[in-house]
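Shown next: work-v9.pdb, containing PDB, C-alpha atoms.
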ATOM      1  CA  MET T   1      73.780  93.991  86.969
ATOM      2  CA  ALA T   2      77.550  94.301  87.342
ATOM      3  CA  THR T   3      79.356  96.365  84.752
ATOM      4  CA  ALA T   4      83.032  97.013  84.034
ATOM      5  CA  ARG T   5      84.692  99.160  86.675
ATOM      6  CA  SER T   6      85.559 102.695  85.687
ATOM      7  CA  PRO T   7      86.641 105.916  87.418
ATOM      8  CA  ARG T   8      84.183 107.864  85.281
ATOM      9  CA  PHE T   9      81.936 109.619  87.748
ATOM     10  CA  VAL T  10      81.478 113.253  88.671
ATOM     11  CA  GLY T  11      79.978 115.009  91.668
ATOM     12  CA  PRO T  12      78.030 116.288  93.390
ATOM     13  CA  ALA T  13      77.077 112.886  94.837
ATOM     14  CA  ASP T  14      73.956 112.214  96.925
ATOM     15  CA  LEU T  15      74.109 108.677  98.299
ATOM     16  CA  HIS T  16      70.854 108.387 100.263
ATOM     17  CA  MET T  17      67.569 108.718  98.369
ATOM     18  CA  HIS T  18      64.237 106.886  98.554
ATOM     19  CA  SER T  19      61.563 106.054  95.986
ATOM     20  CA  ASN T  20      58.038 104.685  96.188
ATOM     21  CA  GLN T  21      59.556 101.219  96.265
ATOM     22  CA  SER T  22      59.810 101.867 100.006
ATOM     23  CA  ASP T  23      58.650 105.047 101.753
ATOM     24  CA  GLY T  24      59.380 107.743  99.186
ATOM     25  CA  THR T  25      56.594 109.320  97.162
ATOM     26  CA  GLU T  26      58.127 109.241  93.653
ATOM     27  CA  SER T  27      59.112 106.505  91.231
ATOM     28  CA  PRO T  28      62.815 105.595  90.975
ATOM     29  CA  ALA T  29      62.984 107.401  87.624
ATOM     30  CA  ASP T  30      61.456 110.556  89.089
ATOM     31  CA  VAL T  31      63.850 110.460  92.038
ATOM     32  CA  VAL T  32      66.725 110.460  89.559
ATOM     33  CA  ARG T  33      65.182 113.345  87.616
ATOM     34  CA  GLN T  34      64.769 115.344  90.813
ATOM     35  CA  ALA T  35      68.391 114.656  91.737
ATOM     36  CA  GLN T  36      69.533 115.857  88.318
ATOM     37  CA  ARG T  37      67.340 118.936  88.594
ATOM     38  CA  PHE T  38      69.024 119.882  91.886
ATOM     39  CA  GLY T  39      72.536 119.486  90.453
ATOM     40  CA  VAL T  40      73.336 115.962  91.619
ATOM     41  CA  ARG T  41      75.425 113.986  89.114
ATOM     42  CA  THR T  42      76.145 110.775  91.038
ATOM     43  CA  MET T  43      73.332 109.276  93.092
ATOM     44  CA  ALA T  44      72.342 106.176  95.030
ATOM     45  CA  LEU T  45      68.865 104.756  95.435
ATOM     46  CA  THR T  46      68.686 103.335  98.967
ATOM     47  CA  ASP T  47      65.163 102.069  99.503
ATOM     48  CA  HIS T  48      64.454 100.264 102.749
ATOM     49  CA  ASP T  49      65.291  96.551 102.695
ATOM     50  CA  ARG T  50      64.870  96.105  98.924
ATOM     51  CA  THR T  51      66.598  96.605  95.569
ATOM     52  CA  THR T  52      63.595  96.560  93.238
ATOM     53  CA  GLY T  53      64.152 100.130  92.035
ATOM     54  CA  TRP T  54      67.747  99.670  90.874
ATOM     55  CA  ASP T  55      67.144  98.922  87.191
ATOM     56  CA  GLU T  56      64.687 101.776  86.660
ATOM     57  CA  ALA T  57      66.970 104.250  88.431
ATOM     58  CA  ALA T  58      70.027 103.046  86.529
ATOM     59  CA  ALA T  59      68.273 103.351  83.183
ATOM     60  CA  THR T  60      67.299 106.931  83.972
ATOM     61  CA  THR T  61      70.753 107.953  85.163
ATOM     62  CA  ALA T  62      72.128 106.591  81.891
ATOM     63  CA  GLU T  63      69.670 108.744  79.939
ATOM     64  CA  LEU T  64      70.681 111.834  81.910
ATOM     65  CA  GLY T  65      74.439 111.269  81.824
ATOM     66  CA  MET T  66      74.684 110.487  85.549
ATOM     67  CA  THR T  67      76.352 107.735  87.585
ATOM     68  CA  PHE T  68      74.212 105.321  89.580
ATOM     69  CA  ILE T  69      75.466 103.727  92.805
ATOM     70  CA  PRO T  70      73.248 100.734  93.728
ATOM     71  CA  GLY T  71      72.307 100.817  97.400
ATOM     72  CA  MET T  72      69.848  99.882 100.124
ATOM     73  CA  GLU T  73      69.004 101.007 103.654
ATOM     74  CA  LEU T  74      68.948  97.912 105.857
ATOM     75  CA  SER T  75      66.870  98.096 109.028
ATOM     76  CA  ALA T  76      68.628  97.137 112.269
ATOM     77  CA  LYS T  77      68.130  97.576 116.001
ATOM     78  CA  HIS T  78      70.603  97.975 118.866
ATOM     79  CA  GLU T  79      68.889  97.626 122.242
ATOM     80  CA  TRP T  80      66.077 100.229 121.999
ATOM     81  CA  ARG T  81      67.728 102.183 119.181
ATOM     82  CA  SER T  82      66.618 102.002 115.563
ATOM     83  CA  VAL T  83      69.799 101.809 113.481
ATOM     84  CA  HIS T  84      69.807 102.084 109.699
ATOM     85  CA  VAL T  85      72.745 100.609 107.819
ATOM     86  CA  LEU T  86      73.290 101.835 104.284
ATOM     87  CA  GLY T  87      74.707  99.165 101.995
ATOM     88  CA  TYR T  88      76.371 100.047  98.698
ATOM     89  CA  LEU T  89      77.482  97.984  95.708
ATOM     90  CA  PHE T  90      76.668  94.587  97.219
ATOM     91  CA  ASP T  91      75.557  91.527  95.261
ATOM     92  CA  PRO T  92      71.734  91.806  95.074
ATOM     93  CA  LEU T  93      71.500  88.017  94.594
ATOM     94  CA  ASP T  94      73.322  87.142  97.811
ATOM     95  CA  GLY T  95      71.193  84.459  99.462
ATOM     96  CA  ALA T  96      71.775  85.425 103.100
ATOM     97  CA  LEU T  97      70.986  89.070 102.459
ATOM     98  CA  ILE T  98      67.839  88.210 100.481
ATOM     99  CA  ALA T  99      66.625  85.925 103.287
ATOM    100  CA  GLU T 100      67.115  88.642 105.897
ATOM    101  CA  THR T 101      65.412  91.395 103.908
ATOM    102  CA  ASP T 102      62.502  89.042 103.150
ATOM    103  CA  ARG T 103      62.126  88.446 106.891
ATOM    104  CA  ILE T 104      62.293  92.167 107.700
ATOM    105  CA  ARG T 105      59.706  93.101 105.067
ATOM    106  CA  GLY T 106      57.394  90.255 106.035
ATOM    107  CA  ASP T 107      57.392  91.348 109.657
ATOM    108  CA  ARG T 108      56.811  94.969 108.663
ATOM    109  CA  ILE T 109      53.607  93.979 106.879
ATOM    110  CA  GLY T 110      52.287  92.158 109.938
ATOM    111  CA  ARG T 111      53.281  95.060 112.142
ATOM    112  CA  ALA T 112      51.562  97.573 109.859
ATOM    113  CA  GLU T 113      48.367  95.508 109.881
ATOM    114  CA  ARG T 114      48.406  95.422 113.694
ATOM    115  CA  ILE T 115      48.880  99.182 113.881
ATOM    116  CA  VAL T 116      46.048  99.810 111.428
ATOM    117  CA  ARG T 117      43.692  97.518 113.345
ATOM    118  CA  SER T 118      44.436  99.475 116.527
ATOM    119  CA  ILE T 119      43.981 102.862 114.870
ATOM    120  CA  GLY T 120      40.813 101.625 113.167
ATOM    121  CA  ARG T 121      39.145 101.148 116.544
ATOM    122  CA  ASP T 122      39.311 104.895 117.109
ATOM    123  CA  TYR T 123      39.480 106.398 113.608
ATOM    124  CA  ASP T 124      37.916 105.683 110.223
ATOM    125  CA  LEU T 125      40.918 103.850 108.758
ATOM    126  CA  SER T 126      41.175 100.427 107.124
ATOM    127  CA  TRP T 127      43.942  98.236 105.716
ATOM    128  CA  GLU T 128      42.555  98.876 102.232
ATOM    129  CA  ASP T 129      43.115 102.607 102.789
ATOM    130  CA  VAL T 130      46.794 101.898 103.484
ATOM    131  CA  LEU T 131      47.246  99.574 100.512
ATOM    132  CA  ALA T 132      45.842 102.318  98.283
ATOM    133  CA  GLN T 133      48.883 104.419  99.225
ATOM    134  CA  THR T 134      51.471 101.813  98.178
ATOM    135  CA  THR T 135      53.017 100.619  94.943
ATOM    136  CA  LEU T 136      53.325  96.995  93.832
ATOM    137  CA  HIS T 137      56.714  96.264  95.418
ATOM    138  CA  ALA T 138      56.694  98.772  98.271
ATOM    139  CA  THR T 139      57.574  97.702 101.802
ATOM    140  CA  VAL T 140      54.402  98.697 103.652
ATOM    141  CA  GLY T 141      55.217 100.707 106.749
ATOM    142  CA  ARG T 142      54.235 103.607 108.951
ATOM    143  CA  PRO T 143      54.802 106.237 106.212
ATOM    144  CA  HIS T 144      52.064 104.552 104.158
ATOM    145  CA  ILE T 145      49.773 104.557 107.196
ATOM    146  CA  ALA T 146      50.518 108.256 107.542
ATOM    147  CA  ASP T 147      49.633 108.808 103.881
ATOM    148  CA  ALA T 148      46.362 106.924 104.391
ATOM    149  CA  LEU T 149      45.537 109.130 107.382
ATOM    150  CA  VAL T 150      46.157 112.160 105.163
ATOM    151  CA  ALA T 151      44.024 110.744 102.350
ATOM    152  CA  ARG T 152      41.174 110.117 104.789
ATOM    153  CA  GLY T 153      41.401 113.702 106.038
ATOM    154  CA  ILE T 154      42.273 112.632 109.571
ATOM    155  CA  VAL T 155      45.570 114.571 109.561
ATOM    156  CA  ARG T 156      47.030 117.222 107.262
ATOM    157  CA  ASP T 157      50.374 115.641 106.393
ATOM    158  CA  ARG T 158      52.938 113.006 107.371
ATOM    159  CA  THR T 159      54.483 115.290 109.954
ATOM    160  CA  GLU T 160      51.184 115.675 111.810
ATOM    161  CA  ALA T 161      50.623 111.919 111.602
ATOM    162  CA  PHE T 162      54.006 111.079 113.122
ATOM    163  CA  ASP T 163      53.752 113.808 115.743
ATOM    164  CA  GLY T 164      50.274 112.620 116.706
ATOM    165  CA  ILE T 165      48.541 109.320 115.973
ATOM    166  CA  LEU T 166      51.704 107.436 114.978
ATOM    167  CA  HIS T 167      53.775 108.700 117.903
ATOM    168  CA  PRO T 168      54.514 105.916 120.443
ATOM    169  CA  ARG T 169      52.853 107.900 123.238
ATOM    170  CA  GLU T 170      49.461 107.496 121.516
ATOM    171  CA  GLY T 171      49.490 103.756 122.143
ATOM    172  CA  TYR T 172      49.242 102.457 118.568
ATOM    173  CA  TYR T 173      52.958 101.725 118.179
ATOM    174  CA  GLU T 174      54.024  98.135 117.535
ATOM    175  CA  PRO T 175      57.620  96.823 117.523
ATOM    176  CA  HIS T 176      59.008  95.131 114.432
ATOM    177  CA  TYR T 177      61.765  92.637 113.714
ATOM    178  CA  ALA T 178      65.184  93.947 112.717
ATOM    179  CA  PRO T 179      68.616  92.330 112.997
ATOM    180  CA  ASP T 180      71.277  93.814 115.238
ATOM    181  CA  PRO T 181      73.713  96.200 113.497
ATOM    182  CA  LEU T 182      76.575  93.705 113.730
ATOM    183  CA  THR T 183      74.572  91.188 111.716
ATOM    184  CA  ALA T 184      73.577  93.917 109.243
ATOM    185  CA  VAL T 185      77.186  94.995 108.695
ATOM    186  CA  ARG T 186      78.340  91.413 108.211
ATOM    187  CA  LEU T 187      75.538  90.636 105.754
ATOM    188  CA  ILE T 188      76.408  93.646 103.591
ATOM    189  CA  THR T 189      80.163  93.088 103.661
ATOM    190  CA  ASP T 190      79.832  89.338 103.065
ATOM    191  CA  ALA T 191      77.791  90.226  99.956
ATOM    192  CA  GLY T 192      80.702  92.321  98.689
ATOM    193  CA  GLY T 193      79.201  95.651  99.718
ATOM    194  CA  VAL T 194      80.242  98.601 101.842
ATOM    195  CA  ALA T 195      78.294  99.279 105.053
ATOM    196  CA  ILE T 196      77.760 102.865 106.230
ATOM    197  CA  ILE T 197      75.725 103.795 109.315
ATOM    198  CA  ALA T 198      73.001 106.265 108.307
ATOM    199  CA  HIS T 199      72.371 109.429 110.380
ATOM    200  CA  PRO T 200      73.998 107.879 113.470
ATOM    201  CA  VAL T 201      73.823 110.851 115.862
ATOM    202  CA  THR T 202      70.304 112.245 115.683
ATOM    203  CA  VAL T 203      68.648 114.304 118.406
ATOM    204  CA  GLY T 204      67.560 112.372 121.493
ATOM    205  CA  ARG T 205      69.037 110.922 124.645
ATOM    206  CA  ASP T 206      71.462 108.069 124.048
ATOM    207  CA  ARG T 207      70.590 107.834 120.361
ATOM    208  CA  MET T 208      74.235 107.265 119.412
ATOM    209  CA  MET T 209      75.434 103.701 119.805
ATOM    210  CA  PRO T 210      78.101 103.320 122.509
ATOM    211  CA  VAL T 211      81.637 103.836 121.218
ATOM    212  CA  PRO T 212      82.822 100.343 122.285
ATOM    213  CA  PHE T 213      80.020  98.812 120.195
ATOM    214  CA  ILE T 214      80.917 101.064 117.269
ATOM    215  CA  GLU T 215      84.490  99.772 117.566
ATOM    216  CA  THR T 216      83.089  96.240 117.306
ATOM    217  CA  LEU T 217      81.244  97.181 114.107
ATOM    218  CA  ILE T 218      84.426  98.649 112.644
ATOM    219  CA  ALA T 219      86.325  95.451 113.426
ATOM    220  CA  ALA T 220      83.551  93.513 111.640
ATOM    221  CA  GLY T 221      83.979  95.583 108.456
ATOM    222  CA  LEU T 222      81.932  98.764 108.902
ATOM    223  CA  GLY T 223      83.038 101.177 106.191
ATOM    224  CA  GLY T 224      82.071 104.492 107.756
ATOM    225  CA  PHE T 225      79.350 106.944 108.702
ATOM    226  CA  GLU T 226      76.859 109.256 107.074
ATOM    227  CA  ILE T 227      77.953 112.352 108.972
ATOM    228  CA  ASP T 228      76.634 115.196 106.831
ATOM    229  CA  HIS T 229      72.898 114.735 107.332
ATOM    230  CA  ARG T 230      70.382 117.302 108.526
ATOM    231  CA  GLU T 231      69.334 115.208 111.548
ATOM    232  CA  ASN T 232      72.807 114.675 113.007
ATOM    233  CA  THR T 233      73.782 116.827 115.986
ATOM    234  CA  GLU T 234      76.942 118.941 115.887
ATOM    235  CA  SER T 235      78.325 117.337 119.038
ATOM    236  CA  GLY T 236      77.641 113.886 117.639
ATOM    237  CA  LYS T 237      79.347 114.709 114.350
ATOM    238  CA  LYS T 238      82.434 115.865 116.253
ATOM    239  CA  THR T 239      82.598 112.545 118.090
ATOM    240  CA  LEU T 240      82.188 110.563 114.882
ATOM    241  CA  ARG T 241      84.858 112.537 113.038
ATOM    242  CA  ALA T 242      87.343 111.601 115.748
ATOM    243  CA  ILE T 243      86.448 107.914 115.254
ATOM    244  CA  VAL T 244      86.718 108.308 111.479
ATOM    245  CA  GLU T 245      90.176 109.843 111.766
ATOM    246  CA  LYS T 246      91.358 107.101 114.127
ATOM    247  CA  HIS T 247      90.242 104.297 111.789
ATOM    248  CA  ASP T 248      90.510 106.046 108.386
ATOM    249  CA  LEU T 249      86.845 105.440 107.582
ATOM    250  CA  ILE T 250      84.610 106.662 104.758
ATOM    251  CA  VAL T 251      82.466 109.743 105.407
ATOM    252  CA  THR T 252      79.332 110.366 103.377
ATOM    253  CA  GLY T 253      76.879 113.238 103.139
ATOM    254  CA  SER T 254      73.382 112.829 101.789
ATOM    255  CA  SER T 255      69.906 114.289 101.595
ATOM    256  CA  ASP T 256      67.822 111.262 102.677
ATOM    257  CA  TYR T 257      65.340 112.439 100.045
ATOM    258  CA  HIS T 258      61.783 111.029 100.251
ATOM    259  CA  GLY T 259      59.927 113.193  97.735
ATOM    260  CA  THR T 260      57.057 114.991  99.424
ATOM    261  CA  GLY T 261      57.354 112.623 102.397
ATOM    262  CA  LYS T 262      60.061 114.785 103.997
ATOM    263  CA  PRO T 263      61.305 118.362 103.528
ATOM    264  CA  ASN T 264      64.797 117.092 102.602
ATOM    265  CA  LEU T 265      65.976 118.213  99.150
ATOM    266  CA  PRO T 266      68.325 116.387  96.761
ATOM    267  CA  GLY T 267      71.920 117.446  97.159
ATOM    268  CA  GLU T 268      71.402 119.402 100.388
ATOM    269  CA  ASN T 269      74.315 117.327 101.714
ATOM    270  CA  THR T 270      76.764 115.546  99.432
ATOM    271  CA  THR T 271      79.678 113.112  99.481
ATOM    272  CA  SER T 272      83.112 114.173  98.230
ATOM    273  CA  ASP T 273      84.560 112.613  95.083
ATOM    274  CA  GLU T 274      87.384 111.155  97.168
ATOM    275  CA  MET T 275      84.967 109.295  99.421
ATOM    276  CA  VAL T 276      82.851 108.069  96.502
ATOM    277  CA  ALA T 277      86.013 106.705  94.884
ATOM    278  CA  ARG T 278      86.997 104.933  98.106
ATOM    279  CA  LEU T 279      83.559 103.377  98.377
ATOM    280  CA  ILE T 280      83.678 102.116  94.785
ATOM    281  CA  GLU T 281      87.199 100.760  95.213
ATOM    282  CA  ARG T 282      86.291  98.878  98.385
ATOM    283  CA  ALA T 283      83.195  97.145  97.003
ATOM    284  CA  THR T 284      83.298  93.796  95.185
ATOM    285  CA  GLY T 285      79.616  92.808  94.975
ATOM    286  CA  THR T 286      78.508  94.841  91.989
ATOM    287  CA  ALA T 287      79.685  97.960  90.163
ATOM    288  CA  PRO T 288      78.293 101.435  89.516
ATOM    289  CA  ARG T 289      76.318 102.135  86.368
ATOM    290  CA  TYR T 290      78.152 104.810  84.418
ATOM    291  CA  ALA T 291      76.611 106.959  81.705
TER
END
Go ahead and render the structure in this file as structure tokens.
Amino acid sequence: MATARSPRFVGPADLHMHSNQSDGTESPADVVRQAQRFGVRTMALTDHDRTTGWDEAAATTAELGMTFIPGMELSAKHEWRSVHVLGYLFDPLDGALIAETDRIRGDRIGRAERIVRSIGRDYDLSWEDVLAQTTLHATVGRPHIADALVARGIVRDRTEAFDGILHPREGYYEPHYAPDPLTAVRLITDAGGVAIIAHPVTVGRDRMMPVPFIETLIAAGLGGFEIDHRENTESGKKTLRAIVEKHDLIVTGSSDYHGTGKPNLPGENTTSDEMVARLIERATGTAPRYA
């Protein structure tokens, strides 16, 4: 889907948004319309471990006079930490990246089935209930289980589901496969993309990866960090900005919009035009879709 490169984009830019191709609640086209409604003019669709929403989102941005930045949120894991690596403007046909995302999604399905079987022993919930909450290409995961719990009247909303039944302390949690962040960064960069760590300093003890390991990721080609995000702590952002200054990295800001799945609103955090331009210039895998 590569197109001729061009500097023709305008802000505000929101580079982290999800559709119902993963765990958002709206179609790719509706995500774009919501972004436009909230003043966003350059946006990225970053569904988990898949690119199936790119064409629909790009067609809608073209209709609305917006710029589309193709992206994805790649699942990774460092020790006990869940790490999400945003990839932008990579080649969607890269064989190594396709193989890894196929493996991640396949394991997520098995994991989700195991969780549902466990919950079903105590609550009136079946795998069919969960499938009813997904779209054709969606990566089935815990958000869809949460939606099924809501639909069955067991909980009121996703928040209650994740604070209760789906919380690890309740005993239904199951681990899932994810590559380490170093592998994730290399896969994205080898596919011509730019790798950005999503919301890297959220609340919780030792949630930030150790600085020496972050330095290893930078040496392997990490492009930067999503610093302006509602879940990042102020102390963590200060630490990251020092690392960014030392290595001249890219800084992004985003909403992490999920439709009604989260309270986050399009454009609540944005990425500067300078940083968007740096991201586009660095990538070689594919190009933005300009209006």
Next on the checklist: I'd like the contact shell of Leu86 (chain T) - 10 Å cut-off, all atoms listed in the file, skipping same-chain residues fewer than 4 positions apart - returned as number ranges by chain.
Outcome noted: T: 15-16, 46-49, 71-75, 184-185, 188, 193-199, 223-226
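Coordinates place CA of Tyr177 (chain T) at a distance of 20.8 Å from CA of Leu131 (chain T).
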Item to check | Target residues per the PyMOL selection byres ((chain T and resi 256) around 10), formatted as number ranges by chain | outcome: T: 14-18, 24, 45-46, 198-199, 229-231, 253-255, 257-259, 262-269
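Minimum distance to Trp54 (chain T) across T:Val130, T:Val40, T:Ala29, T:Met209 (counting all atoms listed in the file) occurs at T:Ala29.
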Checklist entry - Can you find the residues with an atom no farther than 12 Å from (87.7, 111.6, 96.0), counting all atoms listed in the file, and report them as an NGL selection string? => result :T and (7-13 or 250-252 or 271-281)
Chain and number of each residue from the PyMOL selection byres ((chain T and resi 102) around 12), as an mmCIF file with C-alpha atoms, keeping the file's coordinate frame:
data_model
loop_
_atom_site.group_PDB
_atom_site.id
_atom_site.type_symbol
_atom_site.label_atom_id
_atom_site.label_comp_id
_atom_site.auth_asym_id
_atom_site.auth_seq_id
_atom_site.Cartn_x
_atom_site.Cartn_y
_atom_site.Cartn_z
ATOM 1 C CA HIS T 48 64.454 100.264 102.749
ATOM 2 C CA ASP T 49 65.291 96.551 102.695
ATOM 3 C CA ARG T 50 64.870 96.105 98.924
ATOM 4 C CA THR T 51 66.598 96.605 95.569
ATOM 5 C CA LEU T 74 68.948 97.912 105.857
ATOM 6 C CA SER T 75 66.870 98.096 109.028
ATOM 7 C CA GLY T 95 71.193 84.459 99.462
ATOM 8 C CA ALA T 96 71.775 85.425 103.100
ATOM 9 C CA LEU T 97 70.986 89.070 102.459
ATOM 10 C CA ILE T 98 67.839 88.210 100.481
ATOM 11 C CA ALA T 99 66.625 85.925 103.287
ATOM 12 C CA GLU T 100 67.115 88.642 105.897
ATOM 13 C CA THR T 101 65.412 91.395 103.908
ATOM 14 C CA ARG T 103 62.126 88.446 106.891
ATOM 15 C CA ILE T 104 62.293 92.167 107.700
ATOM 16 C CA ARG T 105 59.706 93.101 105.067
ATOM 17 C CA GLY T 106 57.394 90.255 106.035
ATOM 18 C CA ASP T 107 57.392 91.348 109.657
ATOM 19 C CA ARG T 108 56.811 94.969 108.663
ATOM 20 C CA ILE T 109 53.607 93.979 106.879
ATOM 21 C CA THR T 139 57.574 97.702 101.802
ATOM 22 C CA TYR T 177 61.765 92.637 113.714
ATOM 23 C CA ALA T 178 65.184 93.947 112.717
#
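Counting all atoms listed in the file and comparing T:Pro28, T:Pro175, T:Gly87, T:Gly261, the residue that lies closest to Thr61 (chain T) is T:Pro28.
Nearest-residue note for Ile145 (chain T): choosing from T:Val244, T:Ile119, T:Ile69, T:Leu89, the minimum distance belongs to T:Ile119, counting only C-alpha atoms.
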